[in-house]
Amino acid sequence: MPTIRKTARSLFAVALLAAGFSVATPVNAAHAMNQTPCSTGDLLHIWGHYSRPPIVGPSGPFEFCAANAGTMGLGAGAWVDKISTGNNDIQMNDANGSTVRISRWNIVTYPNQPPNITSIQIF
């Protein structure tokens with residue numbers, strides 16, 4: 001038969017665990033980076049191309065815009081030809097492990113050797 005002390009300790013442990021989950025779990029996903037129509041110049045705008053085997057996915061050019069802080073994966077074989085940061089400080093993560101930070105209101109082109117980018121982060 002459990003004692004009051006053991007029951008109180010168990011309830012306290014459950015309360016601490018629940019409090020930990022509520023702190024570690026985001027309340028909403030409103031601050032996640034997301035793809036958006038390229039309607040204004042203050043968005044992150046990316047032009048590039050995919051070069052990958054057909055079994056992995058399609059090859060060819062891509063263009064998209066993104067908004068809000070967060071990280072977005074580009075998938076295997078994504079090469080960035082041009083990037084306009086708009087009103088965003090960003091970091092590109094290269095497939096070889098290096099990172100490139102670009103501050104807001106910059107346009108960078110890579111005409112000869114584009115970076116193989118796995119993900120982009122808006123701060």
# chains A, B, ... in the order shown; residues from 1 in each chain; ligands from 1

$ residues_around --residues "A:Thr109" --least-positions-apart "2" --cutoff "10 Å" --atoms "only C-alpha atoms" --output "VMD selection string"
chain A and resid 47 80 to 84 107 111 to 114

$ residues_around --residues "stretch 69-76 of chain A" --least-positions-apart "6" --cutoff "7 Å" --atoms "only C-alpha atoms" --output "short mmCIF file (atom, residue, chain, number, x, y, z; two decimals) with C-alpha atoms, in the first residue's frame"
data_model
loop_
_atom_site.label_atom_id
_atom_site.label_comp_id
_atom_site.auth_asym_id
_atom_site.auth_seq_id
_atom_site.Cartn_x
_atom_site.Cartn_y
_atom_site.Cartn_z
CA HIS A 31 7.93 31.68 -36.52
CA ALA A 32 8.93 28.88 -38.89
CA MET A 33 10.65 29.70 -42.16
CA THR A 118 21.80 21.62 -48.12
CA SER A 119 19.87 24.17 -46.04
CA ILE A 120 19.35 27.92 -45.55
CA GLN A 121 18.62 29.66 -42.28
CA ILE A 122 17.00 33.06 -41.76
CA PHE A 123 17.89 34.74 -38.48
#

$ atom_distance --atom1 "atom CA of A:Thr99" --atom2 "atom CA of A:Pro58"
25.3 Å

$ atom_distance --atom1 "atom CA of A:Asn88" --atom2 "atom CA of A:Pro37"
16.0 Å

$ atom_distance --atom1 "atom CA of A:His49" --atom2 "atom CA of A:Val108"
15.4 Å

$ decode --residues "stretch 27-57 of chain A" --atoms "N, CA and C atoms" --output "PDB file, in the first residue's frame"
ATOM      1  N   VAL A  27       4.980  26.861 -28.555  1.00  0.00           N
ATOM      2  CA  VAL A  27       3.547  27.117 -28.433  1.00  0.00           C
ATOM      3  C   VAL A  27       2.883  27.106 -29.798  1.00  0.00           C
ATOM      4  N   ASN A  28       3.530  27.731 -30.802  1.00  0.00           N
ATOM      5  CA  ASN A  28       2.967  27.717 -32.149  1.00  0.00           C
ATOM      6  C   ASN A  28       4.102  27.717 -33.158  1.00  0.00           C
ATOM      7  N   ALA A  29       3.773  27.449 -34.396  1.00  0.00           N
ATOM      8  CA  ALA A  29       4.775  27.383 -35.458  1.00  0.00           C
ATOM      9  C   ALA A  29       4.750  28.637 -36.322  1.00  0.00           C
ATOM     10  N   ALA A  30       4.313  29.753 -35.782  1.00  0.00           N
ATOM     11  CA  ALA A  30       4.200  30.986 -36.559  1.00  0.00           C
ATOM     12  C   ALA A  30       5.562  31.547 -36.940  1.00  0.00           C
ATOM     13  N   HIS A  31       6.607  31.135 -36.243  1.00  0.00           N
ATOM     14  CA  HIS A  31       7.926  31.677 -36.518  1.00  0.00           C
ATOM     15  C   HIS A  31       8.794  30.711 -37.321  1.00  0.00           C
ATOM     16  N   ALA A  32       8.187  29.822 -38.059  1.00  0.00           N
ATOM     17  CA  ALA A  32       8.925  28.882 -38.889  1.00  0.00           C
ATOM     18  C   ALA A  32       9.156  29.481 -40.270  1.00  0.00           C
ATOM     19  N   MET A  33      10.346  29.240 -40.808  1.00  0.00           N
ATOM     20  CA  MET A  33      10.651  29.701 -42.158  1.00  0.00           C
ATOM     21  C   MET A  33       9.728  28.978 -43.130  1.00  0.00           C
ATOM     22  N   ASN A  34       9.151  29.718 -44.055  1.00  0.00           N
ATOM     23  CA  ASN A  34       8.263  29.081 -45.023  1.00  0.00           C
ATOM     24  C   ASN A  34       8.403  29.712 -46.395  1.00  0.00           C
ATOM     25  N   GLN A  35       8.057  28.917 -47.403  1.00  0.00           N
ATOM     26  CA  GLN A  35       8.100  29.379 -48.784  1.00  0.00           C
ATOM     27  C   GLN A  35       6.899  30.284 -49.030  1.00  0.00           C
ATOM     28  N   THR A  36       7.120  31.353 -49.803  1.00  0.00           N
ATOM     29  CA  THR A  36       6.072  32.332 -50.046  1.00  0.00           C
ATOM     30  C   THR A  36       6.195  32.851 -51.477  1.00  0.00           C
ATOM     31  N   PRO A  37       5.138  33.396 -52.052  1.00  0.00           N
ATOM     32  CA  PRO A  37       5.251  33.982 -53.397  1.00  0.00           C
ATOM     33  C   PRO A  37       6.265  35.132 -53.413  1.00  0.00           C
ATOM     34  N   CYS A  38       6.976  35.263 -54.496  1.00  0.00           N
ATOM     35  CA  CYS A  38       8.003  36.305 -54.637  1.00  0.00           C
ATOM     36  C   CYS A  38       7.336  37.628 -55.007  1.00  0.00           C
ATOM     37  N   SER A  39       6.679  38.246 -54.040  1.00  0.00           N
ATOM     38  CA  SER A  39       5.885  39.438 -54.320  1.00  0.00           C
ATOM     39  C   SER A  39       6.583  40.750 -53.960  1.00  0.00           C
ATOM     40  N   THR A  40       7.575  40.713 -53.060  1.00  0.00           N
ATOM     41  CA  THR A  40       8.274  41.940 -52.670  1.00  0.00           C
ATOM     42  C   THR A  40       9.771  41.705 -52.618  1.00  0.00           C
ATOM     43  N   GLY A  41      10.527  42.792 -52.617  1.00  0.00           N
ATOM     44  CA  GLY A  41      11.983  42.695 -52.597  1.00  0.00           C
ATOM     45  C   GLY A  41      12.588  42.455 -51.230  1.00  0.00           C
ATOM     46  N   ASP A  42      11.764  42.442 -50.189  1.00  0.00           N
ATOM     47  CA  ASP A  42      12.331  42.239 -48.860  1.00  0.00           C
ATOM     48  C   ASP A  42      12.350  40.772 -48.436  1.00  0.00           C
ATOM     49  N   LEU A  43      11.958  39.860 -49.323  1.00  0.00           N
ATOM     50  CA  LEU A  43      11.982  38.435 -49.042  1.00  0.00           C
ATOM     51  C   LEU A  43      13.325  37.832 -49.434  1.00  0.00           C
ATOM     52  N   LEU A  44      13.660  36.693 -48.854  1.00  0.00           N
ATOM     53  CA  LEU A  44      14.801  35.913 -49.304  1.00  0.00           C
ATOM     54  C   LEU A  44      14.421  35.293 -50.643  1.00  0.00           C
ATOM     55  N   HIS A  45      15.216  35.542 -51.686  1.00  0.00           N
ATOM     56  CA  HIS A  45      14.918  35.066 -53.042  1.00  0.00           C
ATOM     57  C   HIS A  45      16.102  34.219 -53.497  1.00  0.00           C
ATOM     58  N   ILE A  46      15.836  32.985 -53.918  1.00  0.00           N
ATOM     59  CA  ILE A  46      16.894  32.037 -54.278  1.00  0.00           C
ATOM     60  C   ILE A  46      16.649  31.502 -55.683  1.00  0.00           C
ATOM     61  N   TRP A  47      17.689  31.554 -56.504  1.00  0.00           N
ATOM     62  CA  TRP A  47      17.687  30.948 -57.831  1.00  0.00           C
ATOM     63  C   TRP A  47      18.766  29.873 -57.832  1.00  0.00           C
ATOM     64  N   GLY A  48      18.477  28.737 -58.394  1.00  0.00           N
ATOM     65  CA  GLY A  48      19.475  27.676 -58.435  1.00  0.00           C
ATOM     66  C   GLY A  48      19.058  26.566 -59.366  1.00  0.00           C
ATOM     67  N   HIS A  49      19.736  25.447 -59.223  1.00  0.00           N
ATOM     68  CA  HIS A  49      19.390  24.283 -60.038  1.00  0.00           C
ATOM     69  C   HIS A  49      19.708  23.008 -59.261  1.00  0.00           C
ATOM     70  N   TYR A  50      18.965  21.963 -59.592  1.00  0.00           N
ATOM     71  CA  TYR A  50      19.213  20.638 -59.027  1.00  0.00           C
ATOM     72  C   TYR A  50      19.983  19.806 -60.035  1.00  0.00           C
ATOM     73  N   SER A  51      20.987  19.117 -59.560  1.00  0.00           N
ATOM     74  CA  SER A  51      21.756  18.196 -60.374  1.00  0.00           C
ATOM     75  C   SER A  51      21.847  16.899 -59.583  1.00  0.00           C
ATOM     76  N   ARG A  52      20.939  15.977 -59.888  1.00  0.00           N
ATOM     77  CA  ARG A  52      20.893  14.734 -59.131  1.00  0.00           C
ATOM     78  C   ARG A  52      20.344  13.611 -59.998  1.00  0.00           C
ATOM     79  N   PRO A  53      20.605  12.370 -59.611  1.00  0.00           N
ATOM     80  CA  PRO A  53      20.094  11.240 -60.383  1.00  0.00           C
ATOM     81  C   PRO A  53      18.562  11.199 -60.345  1.00  0.00           C
ATOM     82  N   PRO A  54      17.941  10.720 -61.408  1.00  0.00           N
ATOM     83  CA  PRO A  54      16.471  10.673 -61.470  1.00  0.00           C
ATOM     84  C   PRO A  54      15.834   9.904 -60.314  1.00  0.00           C
ATOM     85  N   ILE A  55      16.535   8.927 -59.753  1.00  0.00           N
ATOM     86  CA  ILE A  55      15.957   8.147 -58.661  1.00  0.00           C
ATOM     87  C   ILE A  55      15.812   8.996 -57.387  1.00  0.00           C
ATOM     88  N   VAL A  56      16.642  10.040 -57.245  1.00  0.00           N
ATOM     89  CA  VAL A  56      16.592  10.913 -56.066  1.00  0.00           C
ATOM     90  C   VAL A  56      15.525  11.988 -56.226  1.00  0.00           C
ATOM     91  N   GLY A  57      15.384  12.506 -57.421  1.00  0.00           N
ATOM     92  CA  GLY A  57      14.391  13.551 -57.652  1.00  0.00           C
ATOM     93  C   GLY A  57      14.669  14.271 -58.953  1.00  0.00           C
TER      94      GLY A  57
END
